[in-house]
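*Asks:* model_17.cif is reproduced below (mmCIF, C-alpha atoms and all ligand atoms).
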```cif
data_final
#
loop_
_atom_site.label_atom_id
_atom_site.label_comp_id
_atom_site.auth_asym_id
_atom_site.auth_seq_id
_atom_site.Cartn_x
_atom_site.Cartn_y
_atom_site.Cartn_z
CA MET A 1 2.10 8.25 20.31
CA THR A 2 5.21 7.64 18.17
CA ARG A 3 8.62 8.46 19.69
CA VAL A 4 9.17 11.23 17.15
CA ALA A 5 5.82 12.79 18.09
CA ARG A 6 6.72 12.49 21.78
CA ASP A 7 10.07 14.17 21.09
CA ARG A 8 8.23 16.97 19.28
CA ALA A 9 6.06 17.57 22.36
CA LEU A 10 9.15 17.59 24.59
CA ARG A 11 10.93 20.00 22.26
CA HIS A 12 7.94 22.33 22.31
CA ALA A 13 8.00 22.16 26.11
CA GLY A 14 11.72 23.04 26.01
CA GLN A 15 12.71 19.69 27.53
CA MET A 16 14.71 18.29 24.63
CA SER A 17 17.22 19.62 22.13
CA ASN A 18 16.74 19.27 18.40
CA SER A 19 19.45 16.58 18.12
CA GLU A 20 17.54 13.72 16.54
CA ARG A 21 17.58 10.21 17.93
CA SER A 22 16.13 8.39 14.98
CA LYS A 23 16.14 4.79 13.82
CA LEU A 24 15.00 3.63 10.40
CA SER A 25 14.65 -0.10 9.80
CA ILE A 26 14.36 -1.64 6.36
CA VAL A 27 12.87 -5.10 6.07
CA GLY A 28 14.14 -6.90 2.97
CA ALA A 29 17.71 -6.46 1.72
CA GLY A 30 17.02 -7.02 -1.97
CA ALA A 31 17.41 -4.52 -4.80
CA VAL A 32 14.94 -2.08 -3.24
CA GLY A 33 15.88 -2.44 0.43
CA THR A 34 19.61 -1.98 -0.20
CA SER A 35 19.07 1.01 -2.51
CA LEU A 36 16.86 2.53 0.16
CA ALA A 37 19.54 1.98 2.80
CA TYR A 38 22.15 3.51 0.50
CA ALA A 39 19.96 6.55 -0.21
CA ALA A 40 19.13 6.96 3.50
CA LEU A 41 22.83 6.82 4.42
CA ILE A 42 23.83 9.39 1.83
CA ARG A 43 20.88 11.67 2.69
CA GLU A 44 21.44 11.15 6.44
CA SER A 45 17.75 10.36 6.74
CA ALA A 46 18.20 8.73 10.17
CA ARG A 47 20.90 8.40 12.82
CA GLU A 48 20.72 4.61 12.70
CA ILE A 49 19.69 2.45 9.75
CA ALA A 50 18.98 -1.25 10.30
CA LEU A 51 18.63 -3.77 7.47
CA TYR A 52 16.88 -7.10 8.05
CA ASP A 53 16.48 -10.09 5.71
CA ILE A 54 15.99 -13.83 6.10
CA GLN A 55 18.99 -14.50 3.85
CA LYS A 56 21.84 -14.24 6.37
CA ALA A 57 24.82 -14.29 4.03
CA LYS A 58 23.27 -11.68 1.77
CA VAL A 59 22.15 -9.25 4.44
CA ASP A 60 25.45 -9.51 6.33
CA ALA A 61 27.36 -8.78 3.12
CA GLU A 62 25.09 -5.86 2.21
CA VAL A 63 25.51 -4.30 5.67
CA LEU A 64 29.28 -4.71 5.48
CA ASP A 65 29.45 -3.17 2.02
CA LEU A 66 27.33 -0.18 3.13
CA ALA A 67 29.31 0.21 6.37
CA HIS A 68 32.57 0.32 4.40
CA GLY A 69 31.40 3.55 2.76
CA THR A 70 30.31 5.39 5.89
CA GLN A 71 33.48 7.50 5.98
CA PHE A 72 31.82 9.38 3.11
CA THR A 73 28.21 9.49 4.27
CA GLY A 74 28.07 11.62 7.41
CA SER A 75 27.10 10.46 10.87
CA SER A 76 24.50 7.76 10.16
CA ARG A 77 25.28 4.23 11.33
CA ILE A 78 24.29 1.01 9.53
CA ILE A 79 23.55 -2.27 11.31
CA GLY A 80 21.66 -5.39 10.30
CA GLY A 81 21.35 -9.14 10.02
CA ASP A 82 18.88 -12.02 9.91
CA ASP A 83 17.73 -11.60 13.52
CA LEU A 84 14.49 -9.60 13.70
CA ASP A 85 15.76 -7.98 16.91
CA VAL A 86 17.75 -5.55 14.72
CA VAL A 87 14.53 -3.54 14.26
CA THR A 88 13.99 -3.06 18.00
CA GLY A 89 13.09 0.50 18.92
CA SER A 90 12.66 1.74 15.35
CA ASP A 91 10.91 5.02 14.68
CA VAL A 92 10.16 4.07 11.08
CA VAL A 93 10.01 0.58 9.57
CA ILE A 94 9.93 0.31 5.77
CA ILE A 95 8.90 -3.05 4.35
CA THR A 96 10.46 -4.08 1.05
CA ALA A 97 10.50 -7.85 1.63
CA GLY A 98 8.80 -10.20 -0.78
CA ALA A 99 8.33 -11.24 -4.36
CA LYS A 100 8.87 -8.84 -7.22
CA GLN A 101 7.37 -8.65 -10.71
CA HIS A 102 8.84 -10.62 -13.54
CA PRO A 103 8.46 -9.19 -17.05
CA GLY A 104 4.77 -9.39 -18.01
CA GLN A 105 3.49 -9.59 -14.42
CA SER A 106 1.42 -6.80 -12.88
CA ARG A 107 1.86 -5.60 -9.31
CA LEU A 108 -1.49 -7.14 -8.35
CA ASP A 109 -0.18 -10.56 -9.47
CA LEU A 110 2.09 -10.47 -6.39
CA ALA A 111 -0.73 -9.89 -3.90
CA ALA A 112 -1.34 -13.39 -2.50
CA VAL A 113 2.29 -14.32 -1.94
CA ASN A 114 3.29 -10.97 -0.46
CA VAL A 115 0.25 -10.76 1.83
CA GLY A 116 1.30 -14.20 3.11
CA ILE A 117 4.85 -12.97 3.84
CA LEU A 118 3.48 -9.87 5.57
CA ARG A 119 1.14 -11.94 7.75
CA GLY A 120 4.21 -13.73 9.09
CA LEU A 121 6.25 -10.56 9.58
CA MET A 122 3.93 -8.03 11.22
CA PRO A 123 3.50 -9.51 14.73
CA GLY A 124 7.27 -9.78 15.32
CA LEU A 125 7.87 -6.30 13.95
CA VAL A 126 5.17 -4.67 16.06
CA GLU A 127 6.40 -6.50 19.16
CA ARG A 128 9.88 -5.03 18.67
CA ALA A 129 8.92 -1.62 17.29
CA PRO A 130 5.50 -0.86 18.82
CA ASP A 131 5.77 2.92 18.38
CA ALA A 132 7.05 2.95 14.80
CA VAL A 133 5.42 4.32 11.69
CA TYR A 134 5.19 1.47 9.12
CA ILE A 135 5.67 2.18 5.42
CA LEU A 136 4.83 -0.50 2.85
CA VAL A 137 6.86 -0.55 -0.34
CA THR A 138 6.43 -4.23 -1.24
CA ASN A 139 3.87 -4.57 -4.04
CA PRO A 140 1.01 -4.28 -4.45
CA CYS A 141 1.75 -1.64 -1.83
CA ASP A 142 -1.82 -0.29 -1.49
CA ILE A 143 -3.13 -3.79 -0.80
CA LEU A 144 -0.28 -4.46 1.61
CA ALA A 145 -1.05 -1.26 3.53
CA VAL A 146 -4.57 -2.54 4.23
CA ALA A 147 -3.22 -5.98 5.15
CA ALA A 148 -0.51 -4.57 7.45
CA GLN A 149 -3.02 -2.37 9.22
CA LYS A 150 -5.34 -5.34 9.78
CA PHE A 151 -2.54 -7.69 10.90
CA SER A 152 -1.02 -5.12 13.29
CA GLY A 153 -4.13 -3.43 14.66
CA LEU A 154 -2.19 -0.14 14.59
CA PRO A 155 -3.99 3.11 13.77
CA SER A 156 -4.24 3.56 9.99
CA ALA A 157 -2.29 6.85 10.23
CA ARG A 158 0.76 4.84 11.27
CA VAL A 159 0.58 2.19 8.54
CA PHE A 160 0.68 3.44 4.97
CA ALA A 161 2.23 2.70 1.59
CA SER A 162 4.72 4.66 -0.48
CA GLY A 163 1.79 5.02 -2.89
CA THR A 164 2.57 7.16 -5.91
CA VAL A 165 5.51 9.12 -4.53
CA LEU A 166 7.76 7.31 -7.03
CA ASP A 167 5.29 7.71 -9.90
CA SER A 168 4.94 11.42 -9.12
CA SER A 169 8.72 11.80 -9.24
CA ARG A 170 8.68 10.11 -12.64
CA LEU A 171 5.96 12.54 -13.75
CA ARG A 172 7.85 15.57 -12.51
CA TRP A 173 11.01 14.48 -14.29
CA LEU A 174 9.16 14.01 -17.59
CA LEU A 175 7.44 17.39 -17.27
CA ALA A 176 10.71 19.08 -16.33
CA GLU A 177 12.39 17.58 -19.41
CA ARG A 178 9.51 18.70 -21.61
CA THR A 179 9.20 22.23 -20.24
CA GLY A 180 12.85 22.96 -19.54
CA VAL A 181 12.30 23.95 -15.90
CA SER A 182 13.76 22.21 -12.84
CA THR A 183 11.89 19.28 -11.28
CA SER A 184 11.47 21.39 -8.13
CA SER A 185 9.46 23.93 -10.16
CA VAL A 186 7.06 21.24 -11.42
CA HIS A 187 4.11 20.72 -9.08
CA ALA A 188 2.22 17.66 -10.25
CA MET A 189 1.05 14.36 -8.81
CA ILE A 190 0.02 10.90 -9.83
CA VAL A 191 -2.74 9.61 -7.51
CA GLY A 192 -4.88 6.48 -7.02
CA GLU A 193 -3.52 2.93 -7.08
CA HIS A 194 0.26 2.48 -7.35
CA GLY A 195 -0.47 0.38 -10.40
CA ASP A 196 -2.30 0.17 -13.67
CA SER A 197 -5.31 2.33 -12.65
CA GLU A 198 -3.22 5.28 -11.42
CA PHE A 199 -3.70 8.67 -13.09
CA ALA A 200 -2.26 12.20 -13.23
CA LEU A 201 -4.11 14.89 -11.32
CA TRP A 202 -3.80 17.31 -14.23
CA SER A 203 -6.46 19.68 -12.87
CA GLN A 204 -4.01 20.67 -10.09
CA ALA A 205 -0.72 20.45 -12.02
CA ARG A 206 1.41 23.58 -12.24
CA ILE A 207 4.68 24.69 -13.78
CA GLY A 208 5.87 27.25 -11.27
CA PRO A 209 2.68 29.13 -10.42
CA VAL A 210 1.02 28.48 -13.81
CA PRO A 211 -1.60 25.75 -14.36
CA ILE A 212 -0.11 23.26 -16.85
CA GLN A 213 -2.94 23.84 -19.35
CA SER A 214 -2.16 27.61 -19.42
CA TRP A 215 1.59 27.29 -19.59
CA ARG A 216 2.69 29.44 -22.57
CA PRO A 217 6.45 30.05 -22.53
CA VAL A 218 7.74 32.70 -24.89
CA ASP A 219 10.06 30.48 -26.90
CA ARG A 220 8.60 26.98 -26.48
CA ALA A 221 5.44 25.24 -27.60
CA PRO A 222 2.74 24.78 -24.92
CA VAL A 223 2.11 21.20 -23.76
CA SER A 224 -0.87 19.84 -25.72
CA ALA A 225 -3.61 17.64 -24.23
CA ASP A 226 -2.30 14.72 -26.31
CA GLU A 227 1.18 15.21 -24.88
CA LEU A 228 -0.22 15.21 -21.35
CA ASP A 229 -1.99 11.91 -22.08
CA SER A 230 1.20 10.46 -23.47
CA ILE A 231 3.27 11.62 -20.47
CA ALA A 232 0.76 10.06 -18.02
CA GLU A 233 0.89 6.80 -20.01
CA ASP A 234 4.68 6.93 -19.97
CA VAL A 235 4.63 7.16 -16.16
CA LYS A 236 2.14 4.30 -15.85
CA THR A 237 4.27 1.98 -17.97
CA ALA A 238 7.68 3.13 -16.66
CA ALA A 239 8.19 0.28 -14.18
CA TYR A 240 7.42 -2.33 -16.86
CA ARG A 241 10.09 -0.86 -19.12
CA VAL A 242 12.74 -0.73 -16.40
CA ILE A 243 11.93 -4.28 -15.23
CA GLU A 244 12.12 -5.52 -18.82
CA GLY A 245 15.59 -4.01 -19.13
CA LYS A 246 17.22 -4.78 -15.78
CA GLY A 247 14.88 -7.01 -13.77
CA ALA A 248 13.93 -4.51 -11.06
CA THR A 249 13.37 -0.85 -10.27
CA ASN A 250 15.47 0.18 -7.29
CA TYR A 251 17.27 3.53 -7.30
CA ALA A 252 14.27 5.85 -7.68
CA ILE A 253 12.19 3.91 -5.15
CA GLY A 254 15.17 3.91 -2.80
CA LEU A 255 15.27 7.70 -2.93
CA SER A 256 11.47 7.94 -2.65
CA GLY A 257 11.42 5.70 0.43
CA ALA A 258 14.19 7.68 2.12
CA ARG A 259 12.30 10.90 1.38
CA ILE A 260 9.10 9.58 2.98
CA ALA A 261 10.99 8.36 6.05
CA GLU A 262 12.52 11.82 6.46
CA ALA A 263 9.08 13.43 6.42
CA VAL A 264 8.23 11.30 9.47
CA LEU A 265 11.58 11.43 11.27
CA ARG A 266 11.89 15.21 10.87
CA ASP A 267 8.23 15.81 11.65
CA GLU A 268 7.95 17.79 8.43
CA GLY A 269 4.28 17.99 7.60
CA ALA A 270 5.29 17.34 3.97
CA ILE A 271 2.51 16.85 1.42
CA LEU A 272 3.18 13.55 -0.35
CA PRO A 273 0.94 11.17 -2.33
CA VAL A 274 1.26 8.25 0.08
CA SER A 275 -1.43 5.63 0.39
CA SER A 276 -3.32 5.11 3.65
CA VAL A 277 -6.58 3.35 4.39
CA LEU A 278 -9.32 5.82 3.44
CA ASP A 279 -12.34 6.51 5.56
CA GLY A 280 -14.87 8.50 3.55
CA TYR A 281 -12.38 10.37 1.29
CA HIS A 282 -14.47 11.22 -1.81
CA GLY A 283 -16.91 8.61 -0.45
CA ILE A 284 -14.23 5.86 -0.45
CA SER A 285 -13.56 3.68 2.61
CA GLY A 286 -11.68 0.49 3.38
CA VAL A 287 -9.06 0.67 0.63
CA ALA A 288 -5.70 2.42 0.64
CA LEU A 289 -5.17 4.82 -2.26
CA ALA A 290 -2.54 7.47 -2.87
CA VAL A 291 -3.96 10.94 -2.37
CA PRO A 292 -2.24 14.16 -1.26
CA SER A 293 -1.47 13.52 2.42
CA ILE A 294 0.27 15.41 5.20
CA VAL A 295 3.14 13.28 6.53
CA ASP A 296 4.68 14.09 9.90
CA ALA A 297 5.86 12.39 13.09
CA SER A 298 2.48 10.77 13.65
CA GLY A 299 2.44 9.24 10.14
CA VAL A 300 -0.35 10.43 7.85
CA SER A 301 -1.82 13.19 10.00
CA ALA A 302 -4.38 14.45 7.44
CA LEU A 303 -5.54 14.08 3.85
CA ILE A 304 -5.95 17.08 1.57
CA ASP A 305 -9.39 17.32 0.04
CA VAL A 306 -8.46 18.31 -3.52
CA PRO A 307 -11.20 19.25 -5.99
CA PHE A 308 -10.97 16.59 -8.75
CA SER A 309 -12.31 17.13 -12.27
CA GLU A 310 -15.22 14.86 -13.26
CA GLN A 311 -12.88 12.57 -15.19
CA GLU A 312 -10.41 12.42 -12.29
CA GLU A 313 -13.23 11.62 -9.89
CA ARG A 314 -14.24 8.70 -12.14
CA GLN A 315 -10.62 7.53 -12.29
CA LEU A 316 -10.30 7.66 -8.49
CA GLN A 317 -13.47 5.60 -8.08
CA ASP A 318 -12.15 3.09 -10.67
CA SER A 319 -8.92 2.73 -8.71
CA ALA A 320 -10.93 2.16 -5.52
CA ARG A 321 -13.09 -0.49 -7.26
CA THR A 322 -10.01 -2.34 -8.55
CA LEU A 323 -8.50 -2.48 -5.08
CA HIS A 324 -11.79 -3.42 -3.35
CA GLU A 325 -12.10 -6.36 -5.76
CA GLU A 326 -8.55 -7.49 -5.08
CA LEU A 327 -9.00 -7.23 -1.30
CA ALA A 328 -12.21 -9.29 -1.54
CA LYS A 329 -10.35 -12.03 -3.49
CA LEU A 330 -7.73 -12.11 -0.71
CA GLY A 331 -10.35 -12.30 2.04
CA LEU A 332 -9.30 -8.86 3.30
CA GLY A 333 -12.36 -6.92 2.06
N1 LIG B 1 6.03 0.53 -4.14
C1 LIG B 1 6.94 0.83 -5.06
O1 LIG B 1 6.95 1.96 -5.60
C2 LIG B 1 7.90 -0.22 -5.48
C3 LIG B 1 7.79 -1.48 -4.98
N2 LIG B 1 8.66 -2.47 -5.33
C4 LIG B 1 8.45 -3.77 -4.73
O2 LIG B 1 9.42 -4.01 -3.72
C5 LIG B 1 9.52 -5.42 -3.48
C6 LIG B 1 10.97 -5.84 -3.38
O3 LIG B 1 11.61 -5.73 -4.64
P1 LIG B 1 13.15 -6.11 -4.83
O4 LIG B 1 13.93 -5.56 -3.72
O5 LIG B 1 13.50 -5.78 -6.23
O6 LIG B 1 13.07 -7.70 -4.66
P2 LIG B 1 14.31 -8.67 -4.30
O7 LIG B 1 13.89 -10.03 -4.74
O8 LIG B 1 15.56 -8.10 -4.83
O9 LIG B 1 14.36 -8.60 -2.71
C7 LIG B 1 13.36 -9.08 -1.89
C8 LIG B 1 14.03 -9.46 -0.58
O10 LIG B 1 13.01 -9.81 0.35
C9 LIG B 1 13.57 -10.80 1.17
N3 LIG B 1 12.53 -11.50 1.93
C10 LIG B 1 11.61 -12.37 1.50
N4 LIG B 1 10.84 -12.80 2.52
C11 LIG B 1 11.29 -12.16 3.62
C12 LIG B 1 10.92 -12.16 4.99
N5 LIG B 1 9.92 -12.90 5.44
N6 LIG B 1 11.61 -11.38 5.84
C13 LIG B 1 12.64 -10.62 5.42
N7 LIG B 1 13.04 -10.58 4.13
C14 LIG B 1 12.38 -11.35 3.26
C15 LIG B 1 14.33 -11.70 0.22
O11 LIG B 1 15.26 -12.52 0.89
C16 LIG B 1 14.96 -10.67 -0.70
O12 LIG B 1 16.27 -10.31 -0.25
C17 LIG B 1 8.73 -6.07 -4.63
O13 LIG B 1 7.45 -6.45 -4.17
C18 LIG B 1 8.63 -4.95 -5.65
O14 LIG B 1 7.53 -5.13 -6.51
C19 LIG B 1 9.71 -2.23 -6.18
C20 LIG B 1 9.88 -0.97 -6.70
C21 LIG B 1 8.97 0.12 -6.44
C1 LIG B 2 8.02 -1.91 -9.38
C2 LIG B 2 7.24 -0.71 -9.10
O1 LIG B 2 6.23 -0.75 -8.43
C3 LIG B 2 7.66 0.54 -9.66
O2 LIG B 2 8.83 0.70 -10.04
O3 LIG B 2 6.82 1.44 -9.81
#
```
Write the structure described by the file as structure tokens, please.

*Replies:*
Amino acid sequence: MTRVARDRALRHAGQMSNSERSKLSIVGAGAVGTSLAYAALIRESAREIALYDIQKAKVDAEVLDLAHGTQFTGSSRIIGGDDLDVVTGSDVVIITAGAKQHPGQSRLDLAAVNVGILRGLMPGLVERAPDAVYILVTNPCDILAVAAQKFSGLPSARVFASGTVLDSSRLRWLLAERTGVSTSSVHAMIVGEHGDSEFALWSQARIGPVPIQSWRPVDRAPVSADELDSIAEDVKTAAYRVIEGKGATNYAIGLSGARIAEAVLRDEGAILPVSSVLDGYHGISGVALAVPSIVDASGVSALIDVPFSEQEERQLQDSARTLHEELAKLGLG
């Protein structure tokens, strides 16, 4: 049982107050890891945030820079360094360490090198944080979720990837811009691989309470099927465009990672499209894919069995095939 889940049981039994005792560790202090730490500090996602990297000078400087701003960020504390012991006792560990895409590379192109890095990292992490929930952000994150689960032997509920939480945020922003409503009133998800075979679950998408296909505002044009296709394509190619322009995507994934950690640390039961190893979901097993999942103190506590359209079902199976093939190439199938 994770510490957060144990605390929940104690709270229910009246033996513990609600004051959280939470530690979030971030492995990898590059563009993504530091943005995640920054977002987590500002959002007060955890009481203690630890940043670990093998580059001592860099991680020490990043921790110092973040610590210098804590007068303005509430009560969270930041620690870190190049000694893996900084993760000891974590409730959530988010892994962002490893190679990133260069312009023209796909996420799957990073698989072999990043699986190798993860193989080296997992035993030491699990030794120091045996009760943590592990969240894989390093790409290809769906492949790395399977690898981390195998290398750690932890239950698959406690080892999952950020999946398409970021892509879904991109989708919601685009739909909000198009429809003129706030992102919080857009209910839509990208599912499948966090990668080139991902797709929008249009059959379930809503603007407020209205299915997107029936959305007919008084003074605006409805969103046509062609526009929906173009928006989904825009989401799929978004990372390539940002990487082309600035070499990395970091702020939006930093916020997404902090949001997922909060769902665990606050035992929220939030529905998020994270990616855990499937066992019979729509007939798919042995690969991790992003599907609507309930995230709470125990990790992914349940998957939501959404009715997919025929096309969406085909797209989900295509995503699964792509990832099965990649896992087989890596000897992880
Ligand atoms: N899943 C998602 O939605 C997203 C995933 N990513 C992925 O996140 C990963 C990191 O990206 P960036 O931060 O931009 O890369 P970066 O190159 O800026 O940082 C990577 C960091 O990992 C560190 N590292 C390497 N091996 C390590 C080890 N064994 N232990 C600890 N630290 C180690 C490096 O020293 C470096 O500081 C990439 O794989 C990228 O593709 C990026 C954006 C979104
Ligand atoms: C790099 C990456 O995976 C993303 O920004 O979606």

*Asks:* Under the rule that all atoms listed in the file are counted, which of A:Lys246, A:Lys150, A:Arg77, A:Arg321 is the nearest residue to ligand LIG 1 (chain B)?

*Replies:*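 For ligand LIG 1 (chain B), the nearest of the candidates is A:Lys246.
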
*Asks:* Nearest to ligand LIG 1 (chain B) among A:Val186, A:Val274, A:Leu41, A:Val223, with distances taken over only C-alpha atoms and all ligand atoms: which residue is it?

*Replies:*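 Distance minimum relative to ligand LIG 1 (chain B) lands on A:Val274.
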
*Asks:* Using all atoms listed in the file, collect all residues at a distance of at most 12 Å from (0.3, 14.0, -1.4) as written in the file, then present them as an MDAnalysis selection string.

*Replies:* chainID A and resid 161:169 187:192 201 204 260 263 269:276 289:295 300:306

*Asks:* Which one of A:Ala297, A:Thr96, A:Asp142, A:Arg220 sits closest to His324 in chain A if you count all atoms listed in the file?

*Replies:*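 Using all atoms listed in the file, His324 in chain A sits closest to A:Asp142.
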
*Asks:* Produce as a PyMOL selection string the set of residues near ligand LIG 1 (chain B), where near means within 7 Å with only C-alpha atoms and all ligand atoms considered.

*Replies:* chain A and resi 27-33+52-55+96-101+107+117+120-121+137-141+162-164+166+194+248-250+253

*Asks:* Just the residues within 7 Å of Gly81 in chain A, please, counting all atoms listed in the file, with nothing from its chain fewer than 5 positions along; format it as a list in words.

*Replies:*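 What passes the distance filter is Leu51, Tyr52, Asp53, Lys56, Val59, Asp60 and Val86 of chain A.
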